[in-house]
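*Asks:* For reference, this is work-v5.cif, and it has mmCIF, C-alpha atoms.
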data_query
#
loop_
_atom_site.label_atom_id
_atom_site.label_comp_id
_atom_site.auth_asym_id
_atom_site.auth_seq_id
_atom_site.Cartn_x
_atom_site.Cartn_y
_atom_site.Cartn_z
CA MET V 1 30.98 25.15 -10.82
CA THR V 2 33.18 22.01 -10.89
CA PHE V 3 30.47 19.51 -11.83
CA GLU V 4 28.14 18.82 -14.70
CA ARG V 5 24.38 19.11 -14.53
CA ASP V 6 24.13 15.55 -15.80
CA ALA V 7 21.79 12.60 -15.12
CA ARG V 8 23.18 12.28 -11.59
CA TRP V 9 22.47 15.96 -10.86
CA ARG V 10 18.93 15.57 -12.21
CA ARG V 11 18.27 12.47 -10.11
CA ILE V 12 19.40 14.19 -6.91
CA PHE V 13 17.46 17.33 -7.87
CA GLU V 14 14.25 15.37 -8.44
CA ASN V 15 14.37 12.90 -5.59
CA VAL V 16 16.33 14.04 -2.56
CA PRO V 17 14.36 16.01 0.06
CA SER V 18 15.82 19.34 1.14
CA GLU V 19 16.46 18.38 4.81
CA PRO V 20 19.25 15.81 4.26
CA LEU V 21 20.81 17.95 1.54
CA ILE V 22 21.00 20.96 3.85
CA ALA V 23 22.21 18.93 6.83
CA LEU V 24 24.96 17.18 4.84
CA ALA V 25 26.19 20.36 3.17
CA LYS V 26 26.23 22.19 6.52
CA LYS V 27 28.80 19.70 7.79
CA CYS V 28 31.19 20.70 5.00
CA PRO V 29 33.47 23.71 5.27
CA GLY V 30 32.91 26.54 2.82
CA HIS V 31 29.17 25.98 2.32
CA SER V 32 26.90 28.89 1.58
CA LEU V 33 23.75 29.02 3.72
CA GLU V 34 22.19 31.43 1.26
CA LYS V 35 22.47 28.90 -1.55
CA LEU V 36 21.30 26.00 0.63
CA TYR V 37 18.08 27.82 1.49
CA GLN V 38 17.58 29.47 -1.90
CA ASP V 39 15.84 26.70 -3.91
CA GLN V 40 16.37 23.04 -4.84
CA GLU V 41 18.43 23.88 -7.90
CA ALA V 42 20.89 26.04 -5.97
CA ARG V 43 20.88 23.52 -3.10
CA VAL V 44 21.89 20.58 -5.32
CA ASP V 45 24.61 22.70 -6.95
CA GLU V 46 25.93 23.59 -3.51
CA VAL V 47 25.84 19.99 -2.22
CA LEU V 48 27.74 18.74 -5.26
CA ARG V 49 30.25 21.55 -4.80
CA VAL V 50 31.02 21.06 -1.11
CA CYS V 51 30.35 17.39 -0.27
CA ASP V 52 32.95 14.65 -0.78
CA PRO V 53 32.38 12.02 -3.52
CA GLU V 54 31.58 9.30 -0.98
CA THR V 55 28.74 11.33 0.56
CA ILE V 56 27.40 12.23 -2.87
CA ALA V 57 27.43 8.53 -3.85
CA LYS V 58 25.46 7.70 -0.69
CA ILE V 59 22.88 10.43 -1.41
CA TYR V 60 22.58 9.09 -4.95
CA GLU V 61 22.01 5.50 -3.79
CA GLU V 62 19.58 6.40 -1.03
CA PHE V 63 17.16 8.29 -3.28
CA PRO V 64 17.00 6.58 -6.69
CA GLY V 65 13.51 7.92 -7.34
CA PRO V 66 11.26 5.15 -8.57
CA PHE V 67 8.51 6.21 -10.98
CA ASN V 68 6.02 6.03 -8.13
CA TYR V 69 6.00 4.77 -4.54
CA VAL V 70 3.39 2.04 -4.85
CA ALA V 71 5.43 -0.92 -3.65
CA TRP V 72 5.08 -4.70 -3.48
CA LEU V 73 7.51 -6.52 -1.20
CA PHE V 74 8.78 -9.95 -2.11
CA THR V 75 10.93 -12.47 -0.40
CA SER V 76 12.57 -15.48 -1.92
CA ASP V 77 13.46 -18.95 -0.76
CA SER V 78 16.10 -19.22 -3.49
CA SER V 79 19.59 -20.21 -2.42
CA LEU V 80 21.04 -17.55 -4.74
CA THR V 81 24.01 -15.78 -3.17
CA LYS V 82 25.29 -12.27 -3.82
CA SER V 83 28.14 -13.68 -5.91
CA ASP V 84 25.69 -15.77 -8.00
CA PHE V 85 23.68 -12.61 -8.49
CA ASP V 86 26.77 -10.59 -9.48
CA ARG V 87 27.71 -13.28 -12.02
CA ALA V 88 24.18 -13.22 -13.47
CA MET V 89 24.36 -9.41 -13.63
CA LYS V 90 27.69 -9.50 -15.44
CA LYS V 91 26.31 -11.92 -18.01
CA ALA V 92 22.97 -10.17 -18.61
CA VAL V 93 23.78 -6.48 -18.21
CA GLY V 94 25.85 -4.84 -20.92
CA ASP V 95 27.44 -1.40 -20.69
CA GLU V 96 24.58 0.15 -22.65
CA LEU V 97 22.07 -0.84 -19.94
CA LEU V 98 24.17 0.87 -17.30
CA THR V 99 23.71 4.19 -19.06
CA GLY V 100 20.21 3.35 -20.27
CA ILE V 101 18.74 2.37 -23.63
CA ARG V 102 15.63 3.31 -25.57
CA PRO V 103 13.85 -0.06 -25.66
CA LYS V 104 11.36 -1.39 -28.17
CA VAL V 105 8.35 -1.24 -25.88
CA GLU V 106 6.09 -4.29 -25.86
CA GLU V 107 3.43 -5.74 -23.60
CA LYS V 108 6.13 -7.75 -21.83
CA PRO V 109 8.17 -5.57 -19.41
CA LYS V 110 11.58 -4.63 -20.84
CA VAL V 111 14.61 -3.53 -18.81
CA TYR V 112 15.89 -0.17 -20.10
CA LYS V 113 18.35 0.75 -17.35
CA VAL V 114 20.20 -1.02 -14.55
CA GLU V 115 21.70 0.80 -11.58
CA SER V 116 24.05 -1.29 -9.52
CA PHE V 117 24.72 -0.59 -5.85
CA THR V 118 26.56 -2.17 -2.94
CA SER V 119 23.90 -4.65 -1.85
CA GLY V 120 21.99 -5.19 -5.09
CA ALA V 121 20.66 -3.42 -8.13
CA MET V 122 17.74 -1.43 -9.44
CA PHE V 123 16.14 -2.47 -12.71
CA ARG V 124 14.11 0.13 -14.53
CA CYS V 125 11.50 -1.46 -16.77
CA VAL V 126 8.81 -0.31 -19.16
CA ALA V 127 5.83 -2.14 -20.66
CA SER V 128 2.94 -1.24 -22.89
CA ASP V 129 0.49 -3.23 -20.83
CA ARG V 130 -2.45 -0.97 -20.10
CA GLU V 131 -5.30 0.48 -22.06
CA GLU V 132 -7.05 3.74 -21.42
CA HIS V 133 -10.45 4.45 -22.83
CA LEU V 134 -10.72 8.05 -23.88
CA PRO V 135 -13.83 9.85 -25.14
CA VAL V 136 -12.35 11.07 -28.43
CA SER V 137 -15.59 11.95 -30.23
CA PHE V 138 -19.27 12.17 -29.43
CA LEU V 139 -20.40 8.97 -27.66
CA GLU V 140 -17.30 7.20 -28.88
CA ASP V 141 -14.43 5.91 -26.79
CA GLU V 142 -11.08 5.04 -28.19
CA SER V 143 -8.88 2.48 -26.52
CA ILE V 144 -5.28 3.66 -26.33
CA LYS V 145 -2.32 1.57 -25.21
CA VAL V 146 -0.35 3.38 -22.52
CA LEU V 147 3.01 2.70 -20.94
CA SER V 148 3.72 1.57 -17.38
CA TYR V 149 7.05 2.14 -15.70
CA TYR V 150 8.24 -0.32 -13.08
CA ASP V 151 11.33 -0.15 -10.88
CA ALA V 152 12.52 -3.30 -9.19
CA VAL V 153 15.13 -3.32 -6.44
CA LEU V 154 16.71 -6.74 -5.92
CA HIS V 155 18.83 -6.78 -2.82
CA PHE V 156 20.71 -8.81 -0.21
CA SER V 157 21.62 -9.94 2.58
CA ARG V 158 18.57 -12.21 2.34
CA PHE V 159 17.60 -12.14 -1.33
CA GLU V 160 14.52 -9.91 -1.51
CA ALA V 161 12.83 -7.55 -3.93
CA VAL V 162 10.85 -4.33 -3.81
CA LEU V 163 8.83 -3.66 -6.90
CA PHE V 164 7.62 -0.13 -7.47
CA GLY V 165 4.91 0.83 -9.91
CA PRO V 166 2.27 -1.83 -10.51
CA TYR V 167 -1.17 -1.52 -8.96
CA SER V 168 -1.97 -5.23 -8.89
CA ALA V 169 -0.13 -8.21 -7.44
CA THR V 170 -0.49 -10.15 -10.70
CA ARG V 171 1.37 -7.47 -12.63
CA ALA V 172 4.03 -7.20 -9.94
CA GLU V 173 4.65 -10.94 -10.11
CA LYS V 174 4.83 -10.80 -13.90
CA VAL V 175 7.52 -8.09 -13.82
CA LEU V 176 9.65 -10.13 -11.43
CA GLN V 177 9.28 -13.25 -13.59
CA GLU V 178 10.54 -11.22 -16.54
CA LEU V 179 13.51 -10.05 -14.47
CA ASP V 180 14.32 -13.62 -13.48
CA SER V 181 14.33 -14.63 -17.10
CA PHE V 182 16.42 -11.53 -18.02
CA LEU V 183 19.03 -12.48 -15.41
CA GLY V 184 18.75 -16.21 -16.07
CA ILE V 185 18.00 -17.00 -12.42
CA SER V 186 15.22 -18.79 -10.60
CA SER V 187 14.12 -16.82 -7.55
CA ARG V 188 10.83 -18.39 -6.45
CA TRP V 189 9.36 -15.09 -5.22
CA THR V 190 6.73 -14.92 -2.50
CA LEU V 191 4.67 -11.77 -2.07
CA LEU V 192 4.72 -10.52 1.51
CA LYS V 193 1.11 -10.01 2.53
CA PRO V 194 -1.15 -10.99 5.40
CA GLY V 195 -3.41 -14.01 4.89
CA THR V 196 -7.19 -13.83 4.64
CA GLY V 197 -8.68 -12.55 7.89
CA GLN V 198 -5.24 -11.61 9.24
CA SER V 199 -5.00 -7.99 8.13
CA ARG V 200 -5.87 -6.43 11.51
CA ASN V 201 -3.44 -8.68 13.38
CA PHE V 202 -0.79 -7.81 10.82
CA TYR V 203 -1.51 -4.09 11.23
CA LYS V 204 -1.29 -4.31 15.02
CA ALA V 205 1.95 -6.30 14.99
CA LEU V 206 3.50 -3.99 12.40
CA LYS V 207 2.52 -0.85 14.31
CA LYS V 208 3.99 -2.26 17.50
CA LYS V 209 7.21 -3.47 15.89
CA LEU V 210 7.81 -0.18 14.07
CA GLY V 211 6.76 1.91 17.06
CA GLY V 212 4.52 3.62 14.53
CA LEU V 213 1.66 6.07 14.82
CA LEU V 214 -1.68 5.69 13.11
CA VAL V 215 -1.86 9.05 11.34
CA GLU V 216 -4.71 8.44 8.94
CA THR V 217 -7.34 5.78 8.38
CA LYS V 218 -10.55 5.14 6.52
CA ARG V 219 -12.87 2.97 8.57
CA HIS V 220 -16.27 1.43 8.34
CA ASP V 221 -18.60 3.39 10.62
CA PRO V 222 -20.84 0.92 12.44
CA THR V 223 -22.41 3.34 14.90
CA GLY V 224 -22.54 6.77 13.35
CA ASP V 225 -24.38 8.30 10.47
CA TYR V 226 -21.78 7.45 7.86
CA ARG V 227 -20.86 4.34 5.94
CA THR V 228 -17.19 5.11 6.22
CA ILE V 229 -15.23 7.81 7.92
CA THR V 230 -11.74 9.05 7.16
CA LEU V 231 -9.82 10.29 10.16
CA GLU V 232 -6.54 12.14 10.26
CA ALA V 233 -4.47 12.67 13.40
CA ARG V 234 -3.68 16.15 14.62
CA ASP V 235 -0.58 17.28 16.52
CA LYS V 236 -2.34 17.09 19.89
CA HIS V 237 -2.89 13.33 19.45
CA PRO V 238 -0.35 12.18 16.84
CA ASP V 239 -1.61 8.61 17.13
CA LEU V 240 -5.32 8.16 16.36
CA GLU V 241 -5.39 5.14 18.64
CA GLU V 242 -4.80 7.47 21.59
CA VAL V 243 -7.85 9.62 20.81
CA PRO V 244 -10.70 8.78 23.23
CA ASP V 245 -13.40 9.13 20.56
CA PHE V 246 -11.48 6.83 18.21
CA LYS V 247 -10.99 4.26 20.95
CA LYS V 248 -14.72 4.33 21.70
CA TYR V 249 -16.14 4.14 18.19
CA TYR V 250 -13.61 3.09 15.58
CA ILE V 251 -10.83 1.00 17.07
CA ASP V 252 -12.59 -2.29 16.27
CA ALA V 253 -14.14 -1.17 12.98
CA ASP V 254 -12.90 -2.54 9.66
CA SER V 255 -10.32 -0.47 7.77
CA ASP V 256 -10.32 0.36 4.11
CA PHE V 257 -6.82 1.66 4.64
CA ASP V 258 -4.46 2.63 7.46
CA MET V 259 -1.52 4.97 7.24
CA LEU V 260 1.34 4.51 9.67
CA GLU V 261 4.14 6.92 10.39
CA PHE V 262 7.39 5.50 11.71
CA ARG V 263 10.91 6.74 12.24
CA CYS V 264 14.14 5.06 11.27
CA LYS V 265 17.77 5.90 10.64
CA ASN V 266 19.05 5.93 7.06
CA SER V 267 22.56 5.27 5.77
CA LEU V 268 23.30 9.01 5.74
CA GLY V 269 22.98 8.94 9.52
CA PHE V 270 19.71 10.87 9.72
CA THR V 271 16.52 9.79 11.40
CA GLU V 272 13.72 10.12 8.92
CA SER V 273 10.00 9.99 9.32
CA VAL V 274 8.24 7.73 6.82
CA ARG V 275 4.56 7.36 6.00
CA VAL V 276 3.17 4.18 4.51
CA LYS V 277 -0.42 3.45 3.54
CA PHE V 278 -1.85 -0.04 3.17
CA GLY V 279 -5.18 -1.81 3.01
CA ARG V 280 -6.72 -3.48 0.02
CA PRO V 281 -5.37 -5.08 -2.07
CA HIS V 282 -3.31 -6.79 0.63
CA GLY V 283 0.42 -6.57 0.04
CA ARG V 284 0.34 -3.17 -1.62
CA PHE V 285 2.20 -0.48 0.33
CA THR V 286 2.21 3.14 -0.78
CA PHE V 287 5.01 5.21 0.68
CA GLY V 288 4.85 8.94 1.29
CA PRO V 289 7.07 11.25 -0.74
CA ASN V 290 10.74 10.35 -1.19
CA PRO V 291 11.61 7.88 1.54
CA SER V 292 15.19 6.64 1.46
CA GLN V 293 16.05 3.12 0.30
CA SER V 294 17.27 2.38 3.85
CA ALA V 295 13.83 3.25 5.21
CA ILE V 296 12.05 1.08 2.65
CA ARG V 297 14.36 -1.85 3.38
CA TYR V 298 13.95 -1.44 7.10
CA PHE V 299 10.20 -1.56 6.54
CA GLN V 300 10.54 -4.60 4.30
CA SER V 301 12.68 -6.50 6.79
CA THR V 302 10.15 -5.73 9.54
CA VAL V 303 7.25 -6.97 7.39
CA SER V 304 9.28 -10.00 6.35
CA GLU V 305 10.13 -10.88 9.95
CA LEU V 306 6.48 -10.62 10.98
CA LEU V 307 5.10 -12.64 8.11
CA ARG V 308 7.82 -15.26 8.01
CA GLY V 309 7.87 -15.50 11.79
CA THR V 310 11.67 -15.12 11.88
CA MET O 1 -35.42 -14.81 15.69
CA ASN O 2 -35.75 -15.07 19.45
CA TYR O 3 -33.25 -17.61 20.74
CA TYR O 4 -30.89 -20.42 19.82
CA GLY O 5 -30.98 -22.50 22.98
CA GLU O 6 -27.19 -22.70 22.91
CA PRO O 7 -25.65 -20.32 25.50
CA LYS O 8 -22.71 -19.14 23.35
CA LEU O 9 -24.93 -18.33 20.39
CA ASP O 10 -27.65 -16.83 22.58
CA ARG O 11 -25.10 -14.50 24.17
CA LEU O 12 -23.89 -13.34 20.79
CA LYS O 13 -27.45 -12.84 19.57
CA ALA O 14 -28.10 -10.71 22.69
CA LEU O 15 -24.97 -8.65 21.95
CA ILE O 16 -26.13 -8.06 18.38
CA ASP O 17 -29.57 -7.01 19.69
CA ALA O 18 -27.85 -4.56 22.03
CA GLU O 19 -25.67 -3.19 19.20
CA VAL O 20 -28.72 -2.59 17.02
CA ARG O 21 -30.63 -0.98 19.89
CA GLN O 22 -27.71 1.41 20.34
CA GLY O 23 -28.11 2.54 16.73
CA ILE O 24 -25.72 0.30 14.82
CA HIS O 25 -26.78 0.37 11.21
CA SER O 26 -24.15 -1.85 9.67
CA LEU O 27 -22.55 -4.92 11.24
CA ARG O 28 -19.57 -6.93 10.14
CA ALA O 29 -18.37 -10.24 11.49
CA SER O 30 -14.81 -8.94 11.83
CA TYR O 31 -16.01 -5.96 13.90
CA LEU O 32 -18.01 -8.14 16.31
CA SER O 33 -15.16 -10.59 16.49
CA ARG O 34 -12.67 -7.88 17.51
CA LYS O 35 -15.02 -6.05 19.85
CA TYR O 36 -16.23 -9.10 21.77
CA LYS O 37 -13.15 -11.32 21.30
CA ILE O 38 -15.06 -14.11 19.61
CA GLU O 39 -14.26 -16.35 16.67
CA PRO O 40 -15.04 -14.59 13.35
CA ALA O 41 -16.70 -17.80 12.09
CA LEU O 42 -19.08 -17.77 15.05
CA ALA O 43 -20.01 -14.11 14.43
CA GLN O 44 -20.49 -14.90 10.74
CA GLN O 45 -22.73 -17.85 11.62
CA VAL O 46 -25.05 -15.82 13.86
CA LEU O 47 -25.19 -12.94 11.38
CA SER O 48 -26.05 -15.35 8.56
CA ASP O 49 -28.74 -17.00 10.69
CA LEU O 50 -30.23 -13.58 11.34
CA VAL O 51 -30.32 -13.01 7.59
CA ALA O 52 -32.17 -16.32 7.13
CA ALA O 53 -34.61 -15.25 9.86
CA GLY O 54 -35.26 -11.94 8.09
CA ASP O 55 -33.72 -9.81 10.87
CA LEU O 56 -30.70 -8.67 8.89
CA ALA O 57 -30.13 -7.99 5.21
CA THR O 58 -26.83 -8.53 3.44
CA HIS O 59 -25.11 -5.61 1.80
CA TYR O 60 -22.16 -6.13 -0.52
CA GLN O 61 -19.84 -3.31 -1.51
CA VAL O 62 -17.28 -3.70 -4.25
CA LEU O 63 -14.14 -1.57 -4.07
CA CYS O 64 -12.37 -0.71 -7.28
CA SER O 65 -8.85 -2.14 -7.04
CA GLY O 66 -7.58 -0.32 -10.09
CA GLU O 67 -4.72 2.05 -10.52
CA LYS O 68 -6.47 5.19 -9.31
CA GLN O 69 -8.11 3.46 -6.37
CA GLN O 70 -8.94 5.80 -3.55
CA TYR O 71 -10.48 3.04 -1.45
CA ASP O 72 -13.94 4.16 -2.59
CA VAL O 73 -16.88 1.87 -3.22
CA ASP O 74 -17.67 1.38 -6.88
CA ARG O 75 -20.82 -0.76 -6.76
CA GLU O 76 -23.26 -2.17 -4.23
CA PHE O 77 -25.28 -5.38 -4.27
CA THR O 78 -27.74 -7.13 -1.98
CA LYS O 79 -26.84 -10.70 -2.99
CA ARG O 80 -23.49 -12.38 -3.51
CA ASP O 81 -24.51 -13.97 -6.80
CA GLU O 82 -25.37 -10.56 -8.26
CA ILE O 83 -21.69 -9.59 -8.20
CA PRO O 84 -20.12 -10.07 -11.62
CA ASN O 85 -17.13 -12.37 -11.85
CA TYR O 86 -15.78 -10.63 -14.93
CA GLU O 87 -13.79 -7.44 -15.45
CA LEU O 88 -15.63 -4.24 -14.54
CA VAL O 89 -14.95 -0.65 -15.45
CA CYS O 90 -15.01 1.49 -12.31
CA ARG O 91 -17.77 4.09 -12.49
CA ARG O 92 -15.69 6.50 -10.45
CA CYS O 93 -12.26 6.33 -12.02
CA GLY O 94 -12.65 4.28 -15.22
CA ASP O 95 -10.12 1.66 -14.16
CA ARG O 96 -10.70 -2.00 -14.94
CA TYR O 97 -10.77 -4.62 -12.21
CA VAL O 98 -12.24 -8.00 -11.38
CA PRO O 99 -14.19 -8.32 -8.09
CA ASN O 100 -12.53 -10.83 -5.80
CA GLU O 101 -12.53 -11.73 -2.12
CA GLU O 102 -10.14 -8.89 -1.31
CA ASN O 103 -12.33 -6.11 -2.69
CA ILE O 104 -15.80 -7.34 -1.79
CA LEU O 105 -16.98 -6.10 1.60
CA LEU O 106 -19.93 -7.77 3.29
CA SER O 107 -21.98 -6.04 5.95
CA PHE O 108 -25.31 -6.76 7.57
CA GLU O 109 -28.03 -4.19 8.04
CA PRO O 110 -31.02 -4.51 10.37
CA THR O 111 -34.38 -4.88 8.63
CA GLU O 112 -37.49 -2.89 9.57
CA ILE O 113 -39.02 -6.07 11.06
CA TYR O 114 -36.02 -6.58 13.33
CA LEU O 115 -36.02 -2.94 14.43
CA GLU O 116 -39.72 -3.09 15.23
CA GLU O 117 -39.25 -6.36 17.10
CA LEU O 118 -36.51 -4.83 19.24
CA ALA O 119 -38.57 -1.70 19.85
CA GLN O 120 -41.48 -3.85 21.09
CA GLN O 121 -39.17 -5.81 23.43
CA SER O 122 -37.84 -2.68 25.13
#
Would you mind giving the structure from this file in structure tokens?

*Replies:*
Amino acid sequence: MTFERDARWRRIFENVPSEPLIALAKKCPGHSLEKLYQDQEARVDEVLRVCDPETIAKIYEEFPGPFNYVAWLFTSDSSLTKSDFDRAMKKAVGDELLTGIRPKVEEKPKVYKVESFTSGAMFRCVASDREEHLPVSFLEDESIKVLSYYDAVLHFSRFEAVLFGPYSATRAEKVLQELDSFLGISSRWTLLKPGTGQSRNFYKALKKKLGGLLVETKRHDPTGDYRTITLEARDKHPDLEEVPDFKKYYIDADSDFDMLEFRCKNSLGFTESVRVKFGRPHGRFTFGPNPSQSAIRYFQSTVSELLRGT
Amino acid sequence: MNYYGEPKLDRLKALIDAEVRQGIHSLRASYLSRKYKIEPALAQQVLSDLVAAGDLATHYQVLCSGEKQQYDVDREFTKRDEIPNYELVCRRCGDRYVPNEENILLSFEPTEIYLEELAQQS
């Protein structure tokens, strides 16, 4: 073994799906198929052994592993350029943040690690901003402060942000405000979400633009015996909108949520299939397991184009 | 309510009658608007008029928008002013949330009187 099982190893181990790891390692001479198909631990060892540093860096950047995949997409009308951003980063981010610190956790989100990459940076934040009520003794609840982890990706070419973690728009906006103040910049963020009464038009336009499939949905059931009905596509009809029964009864019904599946190419050169669920609250997008950053940004730029009309 | 006297509204009323005859038990303005390519405000107007006439009853559902939200309904109300405007604790998941326009769903259900009236007409 010529590498350490360090933080980088752990991040790849925890976040990178097996398919790209296997495919990338297979391109390298001297790989062992047995190890690649053994388990994730052996697979990561093998990838780090046979792949060149540039490929490993790309894998590392593509799958940073946010705490969860509940995402809020923001755009900005700030005139901030990449060099302004780099200057702000240099001023605000010390060496200790690049390796990660143990912060004094408060209600206000605190940055505890910054990971820089070619087109931006990822800010890992923590806040003690939630309370859970636990039944600790008979008929008595105790309120306990719990931590929330947020991961914000600020990126260019157009200055935009993806914020992973919060479940409400208010909290997402608050985290970005804290980041602005941390970096000493003024970004004037706008949450990308459809306006009131526009959610179905937004869904239709997004599905068309992505060439996506409706793979799951929960809809109001106006005609049947149920208040709502959750439908999942099967292989025979991968898009629910192509199912005759769906077209007849549910195509016009209100959605509680829709889940689209779309395909896109990531920076590693692979086409990946991504699932994203959205509904209420508007502007909250939950991605399926481990999409690449390229896929998330492709999705964001598509949403941004549709909502900004550019 | 039998007629409006205004062709556009009369047509929509007839469509709603037909929907209810076919067994629709819950109508929403957005659904009618999409299905019949009409303005949502117009659908909302006719549905509200049918409520005033006693043909339809309003039904409000509040979705928890908290952290563990599974897009399930937390509470149901028959009037808008019954919905609290303060923080609620979800009875399903224990999360806290405030009802707002994004998580309140309004639907209209036919009343017994309306169903009987339609049955007599056919």

*Asks:* Pull the closest atom pair for each residue of chain V that gets at most 9 Å from chain O, along with the distance in Å to one decimal, counting all atoms listed in the file, ordering rows by chain and then ascending residue number, as CSV.

*Replies:*
residue,atom,partner,partner_atom,distance
V:Glu132,CA,O:Asp95,CA,8.2
V:His133,CA,O:Gly94,CA,7.9
V:Pro166,CA,O:Glu67,CA,8.0
V:Tyr167,CA,O:Glu67,CA,5.3
V:Ser168,CA,O:Gly66,CA,7.6
V:Thr196,CA,O:Glu102,CA,8.3
V:Gly197,CA,O:Ser30,CA,8.1
V:Lys218,CA,O:Tyr71,CA,8.2
V:His220,CA,O:Ser26,CA,8.6
V:Asp221,CA,O:Ser26,CA,7.7
V:Pro222,CA,O:Ser26,CA,5.1
V:Thr223,CA,O:Ile24,CA,4.5
V:Gly224,CA,O:Ile24,CA,7.4
V:Asp225,CA,O:His25,CA,8.3
V:Arg227,CA,O:Ser26,CA,7.9
V:Ile251,CA,O:Lys35,CA,8.7
V:Asp252,CA,O:Tyr31,CA,5.5
V:Ala253,CA,O:Tyr31,CA,5.2
V:Asp254,CA,O:Tyr31,CA,6.3
V:Asp256,CA,O:Tyr71,CA,6.2
V:Phe257,CA,O:Tyr71,CA,7.2
V:Gly279,CA,O:Tyr71,CA,8.5
V:Arg280,CA,O:Glu102,CA,6.5
V:Pro281,CA,O:Glu102,CA,6.2
V:His282,CA,O:Glu102,CA,7.4

*Asks:* Work out how far apart CA of Ala42 (chain V) and CA of Ser273 (chain V) are and give it in Å to one decimal.

*Replies:*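 Those two atoms sit 24.7 Å apart.
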
*Asks:* To one decimal place, how far is CA of His59 (chain O) from CA of Ile104 (chain O) in Å?

*Replies:*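 For CA of His59 (chain O) relative to CA of Ile104 (chain O), the distance reads 10.1 Å.
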
*Asks:* Interatomic distance between CA of Phe246 (chain V) and CA of Glu39 (chain O)?

*Replies:*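 Going from CA of Phe246 (chain V) over to CA of Glu39 (chain O), I get 23.4 Å.
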
*Asks:* Applied to the shown file, which residues does the PyMOL selection byres ((chain V and resi 125) around 8) return, written as a list in words?

*Replies:*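 Taken over the shown coordinates, the PyMOL selection byres ((chain V and resi 125) around 8) returns Pro109, Lys110, Val111, Tyr112, Lys113, Phe123, Arg124, Val126, Ala127, Tyr149, Tyr150, Asp151 and Ala152 of chain V.
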
*Asks:* Translate the PyMOL selection byres ((chain O and resi 60) around 9), as applied to the file shown, into an explicit residue set as a PDB file with C-alpha atoms, keeping the file's coordinate frame.

*Replies:*
ATOM      1  CA  THR O  58     -26.830  -8.530   3.440  1.00  0.00           C
ATOM      2  CA  HIS O  59     -25.110  -5.610   1.800  1.00  0.00           C
ATOM      3  CA  GLN O  61     -19.840  -3.310  -1.510  1.00  0.00           C
ATOM      4  CA  VAL O  62     -17.280  -3.700  -4.250  1.00  0.00           C
ATOM      5  CA  ARG O  75     -20.820  -0.760  -6.760  1.00  0.00           C
ATOM      6  CA  GLU O  76     -23.260  -2.170  -4.230  1.00  0.00           C
ATOM      7  CA  PHE O  77     -25.280  -5.380  -4.270  1.00  0.00           C
ATOM      8  CA  THR O  78     -27.740  -7.130  -1.980  1.00  0.00           C
ATOM      9  CA  LYS O  79     -26.840 -10.700  -2.990  1.00  0.00           C
ATOM     10  CA  ARG O  80     -23.490 -12.380  -3.510  1.00  0.00           C
ATOM     11  CA  ILE O  83     -21.690  -9.590  -8.200  1.00  0.00           C
ATOM     12  CA  ILE O 104     -15.800  -7.340  -1.790  1.00  0.00           C
ATOM     13  CA  LEU O 105     -16.980  -6.100   1.600  1.00  0.00           C
ATOM     14  CA  LEU O 106     -19.930  -7.770   3.290  1.00  0.00           C
ATOM     15  CA  SER O 107     -21.980  -6.040   5.950  1.00  0.00           C
ATOM     16  CA  PHE O 108     -25.310  -6.760   7.570  1.00  0.00           C
TER      17      PHE O 108
END

*Asks:* Spell out the residues picked by the PyMOL selection byres ((chain V and resi 107) around 6) here, as a PyMOL selection string.

*Replies:* chain V and resi 106+108+127-129

*Asks:* Identify, on the basis of all atoms listed in the file, every residue whose closest approach to Thr111 (chain O) does not exceed 7 Å; exclude the query and any residue fewer than 6 positions from it along the same chain; express the result as a ChimeraX atom specification.

*Replies:* /O:55-57

*Asks:* From the set V:Phe270, V:Phe74, V:Phe63, V:Phe299, which residue has the shortest atom-to-atom contact distance to Lys209 (chain V), counting only C-alpha atoms?

*Replies:*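 Of V:Phe270, V:Phe74, V:Phe63, V:Phe299, the one nearest Lys209 (chain V), counting only C-alpha atoms, is V:Phe299.
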
*Asks:* Residues at most 9 Å from region 81-86 of chain V, counting all atoms listed in the file, excluding those fewer than 6 positions away in the same chain, as JSON, numbers by chain?

*Replies:* {"V": [119, 120, 155, 156, 157, 158, 159, 183, 185]}

*Asks:* Using all atoms listed in the file, which protein or nucleic acid residues come within 9 Å of Pro289 (chain V)? Drop anything in the same chain fewer than 6 positions from it, and give the result as a list in words.

*Replies:* Asn15, Pro17, Tyr69, Val274 and Arg275 of chain V

*Asks:* Compute the distance from (-24.7, -18.4, 22.3) to each atom, counting only C-alpha atoms, keep the residues with any atom at most 12 Å away, and return them as a compact mmCIF listing (two decimals) with C-alpha atoms, in the coordinates of the input; use the coordinates of the file.

*Replies:*
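Final output, selection.txt:
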# COMPACT_ATOMS: atom_id res chain seq x y z
CA ASN O 2 -35.75 -15.07 19.45
CA TYR O 3 -33.25 -17.61 20.74
CA TYR O 4 -30.89 -20.42 19.82
CA GLY O 5 -30.98 -22.50 22.98
CA GLU O 6 -27.19 -22.70 22.91
CA PRO O 7 -25.65 -20.32 25.50
CA LYS O 8 -22.71 -19.14 23.35
CA LEU O 9 -24.93 -18.33 20.39
CA ASP O 10 -27.65 -16.83 22.58
CA ARG O 11 -25.10 -14.50 24.17
CA LEU O 12 -23.89 -13.34 20.79
CA LYS O 13 -27.45 -12.84 19.57
CA ALA O 14 -28.10 -10.71 22.69
CA LEU O 15 -24.97 -8.65 21.95
CA ILE O 16 -26.13 -8.06 18.38
CA ILE O 38 -15.06 -14.11 19.61
CA LEU O 42 -19.08 -17.77 15.05
CA ALA O 43 -20.01 -14.11 14.43
CA GLN O 45 -22.73 -17.85 11.62
CA VAL O 46 -25.05 -15.82 13.86
